[in-house]
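Content type mmCIF, C-alpha atoms and all ligand atoms, from the file upload19.cif:
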```cif
data_upload
#
loop_
_atom_site.label_atom_id
_atom_site.label_comp_id
_atom_site.auth_asym_id
_atom_site.auth_seq_id
_atom_site.Cartn_x
_atom_site.Cartn_y
_atom_site.Cartn_z
CA MET A 1 94.98 114.52 92.53
CA GLN A 2 97.27 116.75 94.57
CA SER A 3 96.49 114.85 97.77
CA PHE A 4 96.94 111.48 96.04
CA SER A 5 100.34 112.56 94.77
CA SER A 6 101.51 113.86 98.10
CA SER A 7 100.13 110.82 99.96
CA LEU A 8 102.21 108.47 97.82
CA GLY A 9 105.37 110.48 98.44
CA GLN A 10 104.64 110.71 102.16
CA MET A 11 104.02 106.98 102.40
CA ARG A 12 107.62 106.38 101.33
CA SER A 13 108.74 108.62 104.21
CA VAL A 14 106.49 106.99 106.82
CA TRP A 15 107.49 103.52 105.62
CA GLN A 16 111.13 104.76 105.41
CA ALA A 17 111.32 103.28 101.93
CA GLY A 18 113.60 104.46 99.13
CA PRO A 19 112.46 106.16 95.90
CA GLU A 20 112.78 102.83 94.08
CA CYS A 21 109.94 101.38 96.19
CA GLN A 22 106.34 101.60 94.98
CA PRO A 23 103.49 102.68 97.27
CA PHE A 24 99.97 101.44 96.46
CA VAL A 25 96.73 102.94 97.73
CA VAL A 26 93.54 101.12 96.74
CA ALA A 27 90.01 100.90 98.06
CA GLY A 28 89.79 98.03 100.48
CA SER A 29 90.35 96.66 103.98
CA GLY A 30 93.35 95.23 105.76
CA THR A 31 92.30 91.84 104.48
CA SER A 32 92.32 93.09 100.90
CA ALA A 33 95.80 94.54 101.48
CA MET A 34 96.92 91.10 102.67
CA GLU A 35 95.32 89.54 99.61
CA MET A 36 97.03 92.01 97.30
CA ALA A 37 100.43 91.15 98.78
CA VAL A 38 99.78 87.40 98.73
CA THR A 39 98.46 87.19 95.19
CA ASN A 40 101.13 89.44 93.67
CA LEU A 41 104.02 87.61 95.29
CA VAL A 42 103.01 83.97 95.44
CA GLU A 43 101.47 81.43 93.10
CA SER A 44 100.63 77.77 93.10
CA GLY A 45 103.55 75.58 94.09
CA ASP A 46 105.64 78.32 95.72
CA ARG A 47 107.03 77.44 99.11
CA VAL A 48 106.45 80.09 101.78
CA VAL A 49 107.10 80.29 105.51
CA VAL A 50 104.66 81.97 107.90
CA ALA A 51 106.07 83.10 111.25
CA ASN A 52 102.74 82.76 113.01
CA SER A 53 101.95 84.93 116.05
CA GLY A 54 98.17 84.57 116.19
CA TYR A 55 94.80 85.01 114.53
CA PHE A 56 95.91 87.29 111.69
CA SER A 57 98.89 85.09 110.86
CA ASP A 58 96.43 82.19 110.62
CA ARG A 59 94.45 84.26 108.14
CA MET A 60 97.61 84.92 106.12
CA ALA A 61 98.42 81.21 106.04
CA THR A 62 94.89 80.38 104.87
CA MET A 63 95.11 82.94 102.08
CA LEU A 64 98.47 81.58 100.98
CA ARG A 65 97.05 78.04 100.89
CA ARG A 66 94.09 79.23 98.83
CA ARG A 67 96.58 80.65 96.37
CA GLY A 68 98.06 77.14 96.12
CA ALA A 69 101.27 77.82 98.04
CA ASP A 70 103.12 75.17 100.00
CA VAL A 71 102.83 76.80 103.44
CA VAL A 72 105.27 75.95 106.22
CA GLN A 73 104.29 77.48 109.54
CA VAL A 74 106.45 78.29 112.54
CA LEU A 75 103.93 78.49 115.35
CA ALA A 76 104.05 80.23 118.72
CA TRP A 77 101.96 79.78 121.86
CA PRO A 78 99.44 82.60 122.25
CA GLY A 79 101.37 85.48 123.80
CA GLU A 80 104.73 84.33 122.46
CA VAL A 81 106.58 85.07 119.24
CA PRO A 82 107.75 82.42 116.77
CA ASP A 83 111.30 81.33 117.53
CA LEU A 84 113.81 82.99 115.19
CA GLU A 85 116.03 79.90 115.01
CA GLN A 86 113.04 77.82 113.96
CA VAL A 87 112.12 80.39 111.32
CA SER A 88 115.68 80.25 110.05
CA SER A 89 115.64 76.42 109.93
CA ALA A 90 112.29 76.43 108.11
CA LEU A 91 113.73 78.81 105.51
CA ALA A 92 116.89 76.73 105.19
CA GLU A 93 115.04 73.46 104.54
CA ALA A 94 114.13 74.23 100.92
CA PRO A 95 114.11 77.18 98.50
CA THR A 96 111.47 79.57 99.76
CA LYS A 97 109.75 82.39 97.90
CA ALA A 98 108.79 84.53 100.89
CA LEU A 99 108.56 84.84 104.64
CA PHE A 100 105.28 86.26 105.96
CA ALA A 101 104.75 87.71 109.44
CA THR A 102 102.32 89.89 111.34
CA HIS A 103 104.16 92.88 112.79
CA VAL A 104 101.66 93.24 115.63
CA ASP A 105 99.11 90.51 115.98
CA THR A 106 95.99 92.29 117.19
CA SER A 107 94.65 89.08 118.69
CA THR A 108 97.50 88.64 121.16
CA GLY A 109 99.09 92.09 121.39
CA VAL A 110 102.43 90.55 120.45
CA ARG A 111 105.00 92.32 118.27
CA VAL A 112 107.52 90.27 116.30
CA ASP A 113 111.08 91.43 115.71
CA ALA A 114 110.55 92.55 112.12
CA GLU A 115 114.15 93.68 111.68
CA ALA A 116 115.50 90.25 112.64
CA LEU A 117 112.93 88.50 110.43
CA CYS A 118 113.94 90.67 107.45
CA ALA A 119 117.58 89.71 108.02
CA VAL A 120 116.83 86.00 108.27
CA ALA A 121 114.66 86.09 105.12
CA ARG A 122 117.38 87.88 103.17
CA GLU A 123 120.00 85.42 104.36
CA HIS A 124 117.95 82.62 102.80
CA GLY A 125 117.05 84.45 99.60
CA ALA A 126 113.37 84.85 100.54
CA LEU A 127 111.25 87.97 100.24
CA SER A 128 109.94 89.39 103.54
CA VAL A 129 106.33 90.50 103.85
CA PHE A 130 104.76 92.09 106.92
CA ASP A 131 101.16 92.71 107.87
CA GLY A 132 101.41 96.08 109.61
CA VAL A 133 97.68 96.67 109.98
CA CYS A 134 98.04 97.15 113.74
CA ALA A 135 101.50 98.72 113.58
CA THR A 136 102.25 100.96 110.60
CA GLY A 137 102.97 104.52 111.65
CA ALA A 138 103.20 103.51 115.33
CA GLU A 139 105.74 100.71 115.70
CA ARG A 140 109.31 101.17 114.50
CA PHE A 141 109.68 99.88 110.97
CA ASP A 142 112.44 100.92 108.61
CA MET A 143 111.71 99.35 105.26
CA GLY A 144 114.87 100.68 103.60
CA ALA A 145 117.41 99.92 106.32
CA TRP A 146 115.92 96.52 107.12
CA GLY A 147 115.42 95.49 103.49
CA ALA A 148 111.75 94.50 103.86
CA ASP A 149 109.96 93.70 100.60
CA CYS A 150 106.36 94.53 101.40
CA TYR A 151 104.77 96.30 104.35
CA LEU A 152 101.01 96.60 104.27
CA THR A 153 98.36 98.28 106.35
CA ALA A 154 94.81 99.67 106.31
CA SER A 155 93.55 103.17 106.95
CA GLN A 156 91.59 102.57 110.16
CA LYS A 157 94.28 101.75 112.68
CA ALA A 158 97.33 103.84 113.65
CA LEU A 159 96.84 106.23 110.72
CA GLY A 160 93.49 107.12 112.24
CA LEU A 161 91.27 107.35 109.13
CA PRO A 162 87.91 105.76 108.54
CA ALA A 163 88.15 102.21 107.18
CA GLY A 164 88.30 101.87 103.41
CA LEU A 165 91.90 102.08 102.18
CA ALA A 166 94.35 99.25 101.67
CA LEU A 167 97.90 100.59 101.70
CA MET A 168 101.29 99.06 101.05
CA VAL A 169 104.77 99.71 99.78
CA ALA A 170 106.58 97.14 97.64
CA SER A 171 110.33 96.83 97.06
CA PRO A 172 111.85 96.40 93.59
CA ALA A 173 112.39 92.68 94.35
CA ALA A 174 108.71 92.34 95.24
CA LEU A 175 107.69 94.12 92.02
CA ASP A 176 109.97 91.80 90.05
CA ALA A 177 108.34 88.82 91.75
CA ARG A 178 104.97 90.00 90.47
CA ASP A 179 106.35 90.40 86.96
CA ALA A 180 107.69 86.85 87.07
CA LEU A 181 104.35 85.21 88.00
CA THR A 182 102.87 82.79 85.51
CA SER A 183 99.35 83.09 86.96
CA PRO A 184 98.32 86.72 87.47
CA PRO A 185 96.52 87.96 90.60
CA PRO A 186 92.84 88.96 90.47
CA MET A 187 92.68 92.01 88.24
CA SER A 188 91.48 94.46 90.91
CA LEU A 189 94.52 93.63 93.05
CA ASP A 190 97.14 93.41 90.35
CA TRP A 191 100.25 95.56 90.92
CA GLN A 192 100.88 95.49 87.16
CA GLU A 193 97.54 97.24 86.61
CA TRP A 194 97.96 99.66 89.52
CA ARG A 195 101.62 100.55 89.23
CA PRO A 196 101.35 102.81 86.18
CA ILE A 197 98.31 104.46 87.78
CA MET A 198 100.19 105.17 91.01
CA LYS A 199 103.10 106.56 89.01
CA SER A 200 100.77 108.82 87.04
CA TYR A 201 98.98 110.06 90.16
CA GLU A 202 102.27 110.79 91.84
CA ALA A 203 103.31 112.80 88.76
CA LEU A 204 99.94 114.63 88.94
CA GLN A 205 98.77 113.10 85.68
CA PRO A 206 95.20 111.86 85.32
CA SER A 207 94.91 108.16 84.71
CA TYR A 208 92.31 105.46 85.09
CA PHE A 209 92.20 101.81 85.97
CA SER A 210 89.53 101.58 88.67
CA THR A 211 87.89 104.34 90.70
CA PRO A 212 89.86 105.14 93.88
CA ALA A 213 88.21 105.80 97.26
CA THR A 214 88.43 109.51 96.47
CA THR A 215 86.79 110.82 99.65
CA LEU A 216 89.43 109.15 101.81
CA ILE A 217 92.52 110.36 99.98
CA PRO A 218 92.57 113.95 101.36
CA ALA A 219 92.21 112.45 104.86
CA LEU A 220 95.13 110.11 104.16
CA ASP A 221 97.20 113.08 103.04
CA VAL A 222 96.44 114.98 106.27
CA SER A 223 97.12 111.96 108.47
CA LEU A 224 100.50 111.29 106.85
CA GLN A 225 101.36 115.00 107.11
CA GLU A 226 100.60 114.87 110.83
CA VAL A 227 102.79 111.82 111.32
CA LEU A 228 105.67 113.40 109.44
CA SER A 229 105.35 116.77 111.14
CA GLU A 230 105.66 115.02 114.51
CA GLY A 231 108.60 113.12 113.01
CA ILE A 232 108.47 109.39 112.45
CA ALA A 233 111.03 108.59 115.18
CA ALA A 234 109.20 110.83 117.68
CA ARG A 235 105.95 109.13 116.78
CA PHE A 236 107.40 105.67 117.43
CA ASP A 237 108.84 106.93 120.74
CA LEU A 238 105.49 108.41 121.77
CA HIS A 239 103.76 105.08 121.18
CA ALA A 240 106.45 103.28 123.17
CA ARG A 241 106.21 105.76 126.04
CA VAL A 242 102.41 105.69 126.27
CA ALA A 243 102.38 101.88 126.04
CA GLY A 244 104.96 101.75 128.85
CA ALA A 245 102.82 104.09 130.96
CA PHE A 246 99.75 101.90 130.39
CA ARG A 247 101.75 98.80 131.30
CA ALA A 248 102.80 100.44 134.57
CA ALA A 249 99.17 101.30 135.29
CA TRP A 250 97.95 97.78 134.44
CA GLU A 251 100.47 96.38 136.87
CA VAL A 252 99.13 98.57 139.67
CA LEU A 253 95.61 97.43 138.79
CA GLY A 254 96.79 93.81 138.98
CA LEU A 255 96.13 93.13 135.29
CA SER A 256 98.66 90.91 133.55
CA LEU A 257 99.57 91.07 129.89
CA LEU A 258 98.88 88.23 127.52
CA PRO A 259 102.32 88.71 125.87
CA VAL A 260 104.81 86.78 127.96
CA SER A 261 107.22 89.71 128.29
CA SER A 262 107.04 93.45 127.85
CA ASP A 263 109.84 93.26 125.20
CA ILE A 264 107.39 91.63 122.80
CA ALA A 265 104.29 93.53 123.96
CA ALA A 266 102.90 95.79 121.24
CA ASN A 267 102.95 99.54 121.70
CA THR A 268 99.64 99.88 119.87
CA LEU A 269 97.41 97.84 122.16
CA SER A 270 97.39 96.00 125.47
CA ALA A 271 95.99 92.46 125.61
CA LEU A 272 95.12 91.91 129.27
CA ARG A 273 94.02 88.79 131.12
CA TYR A 274 90.88 89.13 133.21
CA PRO A 275 91.82 88.95 136.88
CA ASP A 276 90.28 86.19 139.03
CA GLY A 277 86.54 86.59 139.39
CA VAL A 278 86.21 88.97 136.41
CA ASP A 279 85.00 87.98 132.94
CA SER A 280 83.82 89.53 129.68
CA ARG A 281 81.18 91.56 131.58
CA LEU A 282 84.08 93.95 132.16
CA VAL A 283 83.99 94.98 128.48
CA LEU A 284 80.36 96.06 128.91
CA ALA A 285 81.05 97.82 132.22
CA ILE A 286 83.79 99.84 130.52
CA LYS A 287 81.50 100.63 127.61
CA GLU A 288 78.90 102.00 130.00
CA ARG A 289 81.52 104.54 131.00
CA GLY A 290 81.84 105.72 127.42
CA VAL A 291 85.03 103.90 126.45
CA VAL A 292 85.13 101.06 123.96
CA VAL A 293 87.57 98.22 124.49
CA ALA A 294 87.51 94.87 122.72
CA GLY A 295 87.07 91.34 123.99
CA GLY A 296 89.55 88.57 123.26
CA LEU A 297 90.05 87.34 119.70
CA HIS A 298 92.47 84.45 119.80
CA PRO A 299 90.29 81.35 119.38
CA GLU A 300 92.06 79.38 122.12
CA LEU A 301 91.58 81.90 124.92
CA LYS A 302 89.23 84.59 123.78
CA THR A 303 87.05 84.39 126.91
CA ARG A 304 90.02 85.01 129.16
CA TYR A 305 91.30 88.43 128.12
CA PHE A 306 90.38 91.81 126.68
CA ARG A 307 92.17 94.41 124.58
CA VAL A 308 92.72 98.14 124.95
CA GLY A 309 93.88 100.05 121.87
CA HIS A 310 96.34 102.93 122.26
CA MET A 311 97.51 104.11 118.88
CA GLY A 312 97.46 107.06 116.55
CA HIS A 313 96.04 110.50 117.03
CA VAL A 314 94.51 109.80 120.48
CA LEU A 315 98.00 109.58 121.95
CA THR A 316 98.36 113.32 121.66
CA GLN A 317 95.32 113.73 123.93
CA PRO A 318 96.37 112.65 127.44
CA HIS A 319 92.92 113.30 128.93
CA GLN A 320 91.46 110.63 126.60
CA LEU A 321 94.09 108.16 127.71
CA GLU A 322 93.35 108.85 131.35
CA ARG A 323 89.66 108.52 130.64
CA THR A 324 90.38 104.99 129.46
CA LEU A 325 92.23 104.23 132.68
CA HIS A 326 89.34 105.58 134.76
CA ALA A 327 86.87 103.48 132.80
CA VAL A 328 88.90 100.27 133.16
CA ALA A 329 89.45 100.81 136.89
CA ASP A 330 85.80 101.71 137.52
CA GLY A 331 84.64 98.83 135.31
CA LEU A 332 86.75 96.46 137.39
CA ALA A 333 85.16 97.87 140.54
CA ASP A 334 81.71 97.28 138.99
CA CYS A 335 82.71 93.65 138.55
CA GLY A 336 83.54 93.39 142.24
CA TYR A 337 87.31 93.68 141.85
CA ARG A 338 89.25 96.06 144.07
CA ALA A 339 91.34 98.29 141.86
CA ASP A 340 93.80 100.96 143.02
CA LYS A 341 92.70 103.59 140.54
CA LEU A 342 94.69 106.45 142.01
CA GLY A 343 97.84 104.37 142.17
CA ALA A 344 97.32 103.37 138.52
CA LEU A 345 96.84 106.99 137.48
CA ARG A 346 99.97 108.01 139.37
CA ALA A 347 102.00 105.24 137.71
CA PHE A 348 100.65 106.30 134.33
CA ARG A 349 101.39 109.99 134.82
CA SER A 350 104.90 109.39 136.05
CA ARG A 351 105.79 107.70 132.76
CA VAL A 352 103.80 109.36 130.05
N1 LIG B 1 95.78 92.19 110.12
C1 LIG B 1 95.76 92.68 111.37
C2 LIG B 1 97.00 92.61 112.19
C3 LIG B 1 94.58 93.26 111.86
O1 LIG B 1 94.55 93.76 113.10
C4 LIG B 1 93.44 93.32 111.04
C5 LIG B 1 92.16 93.95 111.52
N2 LIG B 1 91.95 94.03 112.84
C6 LIG B 1 93.52 92.79 109.76
C7 LIG B 1 94.71 92.24 109.32
C8 LIG B 1 92.34 92.79 108.84
O2 LIG B 1 91.94 94.08 108.56
P1 LIG B 1 90.44 94.38 108.08
O3 LIG B 1 89.56 94.10 109.24
O4 LIG B 1 90.47 95.83 107.69
O5 LIG B 1 90.16 93.48 106.93
#
```

Let's see the structure in the file written out as structure tokens.
Amino acid sequence: MQSFSSSLGQMRSVWQAGPECQPFVVAGSGTSAMEMAVTNLVESGDRVVVANSGYFSDRMATMLRRRGADVVQVLAWPGEVPDLEQVSSALAEAPTKALFATHVDTSTGVRVDAEALCAVAREHGALSVFDGVCATGAERFDMGAWGADCYLTASQKALGLPAGLALMVASPAALDARDALTSPPPMSLDWQEWRPIMKSYEALQPSYFSTPATTLIPALDVSLQEVLSEGIAARFDLHARVAGAFRAAWEVLGLSLLPVSSDIAANTLSALRYPDGVDSRLVLAIKERGVVVAGGLHPELKTRYFRVGHMGHVLTQPHQLERTLHAVADGLADCGYRADKLGALRAFRSRV
């Protein structure tokens, strides 16, 4: 109970959300967090705009369609972000309930400008909703100052817990939107059911709607404490610095980023194109050296790139980061590609 209460309070700090905003912690995955946001905010016939930056934005759009929404998408080429002007025009075309975006799309390693998207949504009277599964606690996000309405994540990414918790904070406007629905969300996801429970837990009062993932809550409490003891701004800076150091090292190794520019490259992962003559065997070669990286995910080019995660707790352990660099460089060599490992390590160390 104590750790549930303090987790909820700390979520407001990590999300930089005001006391009027409501955090929710329920058992589930990132996908269930997305579903909770979608079904509490949108119902059949609502018009919504999706600023689509990849695979997880596609998933969001599908969910919204299943809920019966009229979904207008602003698409981007893989590695690019949706054009802000086009998002603005799409919002201007007709009254729109909400704008949805993926803060960092894990399939492409692209980060959208969430602050600008919040502003454009507000300008057109739409709620703004962000999937932060690959970003929350690592990429700058200021819910209060930017006026975002819902920012969701899951426990297993930058917060560094085992999978199993769906987390989000909702603004008063988002909570009002739920109250105004004519068709309620599925019961297990309903903010109206969960809100009084979250309020009770925060006030250290026992309450019951559905059994929480109790074994994960103390871990959540510790993780949020760690983030806040580092300081949220310092934590964002650390992710930016380490990502910059990796980018410098990738350049020395001759690996190019899938994102078209480093301004829109995520700080939580690098999506890297295979160099000429190298293919997905690289992922296995790296694994043989004790480091796990992921293959491509974007359906249009998944055989042409791989992804290296660099988020959360591991960032405070430079030897682990260097181990990753060694494994990638040696894996490349195993695939017959000449890689300047020492140069990459030097570039990394000079920036981290
Ligand atoms: N959104 C993003 C941006 C993600 O990276 C993921 C998971 N990789 C999800 C949603 C879905 O999360 P889960 O796998 O926990 O359902």

Contacts between ligand LIG 1 (chain B) and chain A, please, where a residue of chain A counts if it comes within 7 Å (with all atoms listed in the file); show its shortest atom pair and distance in Å to one decimal, rows by chain and ascending number, as CSV.
```
residue,atom,partner,partner_atom,distance
A:Ser29,CA,B:LIG1,O4,3.8
A:Gly30,CA,B:LIG1,O2,3.3
A:Thr31,CA,B:LIG1,O5,3.6
A:Ser32,CA,B:LIG1,O5,6.4
A:Phe56,CA,B:LIG1,N1,5.1
A:Thr102,CA,B:LIG1,C2,6.0
A:Val104,CA,B:LIG1,C2,5.8
A:Asp105,CA,B:LIG1,C2,4.8
A:Thr106,CA,B:LIG1,O1,4.6
A:Asp131,CA,B:LIG1,N1,5.9
A:Gly132,CA,B:LIG1,C2,6.2
A:Val133,CA,B:LIG1,C1,4.6
A:Cys134,CA,B:LIG1,O1,4.9
A:Ala154,CA,B:LIG1,O4,6.0
A:Ala163,CA,B:LIG1,O4,6.8
```

#### Entry: Point (113.6, 77.9, 110.0), cut-off 12 Å, counting only C-alpha atoms, residues as a VMD selection string
chain A and resid 48 to 51 72 to 75 82 to 96 99 117 120 to 121 123 to 124 126

Please dump the current selection as a PDB file, in the frame of the given file; keep C-alpha atoms.
```pdb
ATOM      1  CA  VAL A  48     106.450  80.090 101.780  1.00  0.00           C
ATOM      2  CA  VAL A  49     107.100  80.290 105.510  1.00  0.00           C
ATOM      3  CA  VAL A  50     104.660  81.970 107.900  1.00  0.00           C
ATOM      4  CA  ALA A  51     106.070  83.100 111.250  1.00  0.00           C
ATOM      5  CA  VAL A  72     105.270  75.950 106.220  1.00  0.00           C
ATOM      6  CA  GLN A  73     104.290  77.480 109.540  1.00  0.00           C
ATOM      7  CA  VAL A  74     106.450  78.290 112.540  1.00  0.00           C
ATOM      8  CA  LEU A  75     103.930  78.490 115.350  1.00  0.00           C
ATOM      9  CA  PRO A  82     107.750  82.420 116.770  1.00  0.00           C
ATOM     10  CA  ASP A  83     111.300  81.330 117.530  1.00  0.00           C
ATOM     11  CA  LEU A  84     113.810  82.990 115.190  1.00  0.00           C
ATOM     12  CA  GLU A  85     116.030  79.900 115.010  1.00  0.00           C
ATOM     13  CA  GLN A  86     113.040  77.820 113.960  1.00  0.00           C
ATOM     14  CA  VAL A  87     112.120  80.390 111.320  1.00  0.00           C
ATOM     15  CA  SER A  88     115.680  80.250 110.050  1.00  0.00           C
ATOM     16  CA  SER A  89     115.640  76.420 109.930  1.00  0.00           C
ATOM     17  CA  ALA A  90     112.290  76.430 108.110  1.00  0.00           C
ATOM     18  CA  LEU A  91     113.730  78.810 105.510  1.00  0.00           C
ATOM     19  CA  ALA A  92     116.890  76.730 105.190  1.00  0.00           C
ATOM     20  CA  GLU A  93     115.040  73.460 104.540  1.00  0.00           C
ATOM     21  CA  ALA A  94     114.130  74.230 100.920  1.00  0.00           C
ATOM     22  CA  PRO A  95     114.110  77.180  98.500  1.00  0.00           C
ATOM     23  CA  THR A  96     111.470  79.570  99.760  1.00  0.00           C
ATOM     24  CA  LEU A  99     108.560  84.840 104.640  1.00  0.00           C
ATOM     25  CA  LEU A 117     112.930  88.500 110.430  1.00  0.00           C
ATOM     26  CA  VAL A 120     116.830  86.000 108.270  1.00  0.00           C
ATOM     27  CA  ALA A 121     114.660  86.090 105.120  1.00  0.00           C
ATOM     28  CA  GLU A 123     120.000  85.420 104.360  1.00  0.00           C
ATOM     29  CA  HIS A 124     117.950  82.620 102.800  1.00  0.00           C
ATOM     30  CA  ALA A 126     113.370  84.850 100.540  1.00  0.00           C
TER      31      ALA A 126
END
```

#### Entry: Distance query 12 Å from (114.6, 102.3, 108.1) using only C-alpha atoms, result as an MDAnalysis selection string
chainID A and resid 12:18 114:115 118 139:148 232:233

### Query
Using all atoms listed in the file, which of the listed residues (A:Ile197, A:Leu255, A:Leu181, A:Met311) sits closest to Ala138 in chain A?
A:Met311

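For the atom pair formed by CA of Gly231 in chain A and CA of Leu269 in chain A, the distance is 21.0 Å, given to one decimal.
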
Sorted by chain and rising residue number, which residues of range 221-272 of chain A lie within 12 Å of range 293-297 of chain A, and what are their closest atom pairs and distances in Å to one decimal, counting only C-alpha atoms, as a tab-separated table?
```
residue	atom	partner	partner_atom	distance
A:Leu258	CA	A:Gly296	CA	10.3
A:Leu269	CA	A:Val293	CA	10.1
A:Ser270	CA	A:Val293	CA	10.1
A:Ala271	CA	A:Gly296	CA	7.9
A:Leu272	CA	A:Gly296	CA	8.8
```

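If all atoms listed in the file are the atoms counted, then among A:Asn52, A:Thr324, A:Ser188, A:Ser57 the closest residue to Val283 in chain A is A:Thr324.
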
### Pick from A:Val278, A:Leu127, A:Ala213, A:Ala119 nearest to Asp176 in chain A, counting all atoms listed in the file
A:Leu127

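Across the structure, CA of Gly290 in chain A and CA of Tyr305 in chain A are spaced 19.7 Å apart.
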
### Query
Mind pulling up the distance from CA of Met168 in chain A to CA of Val26 in chain A?
9.1 Å
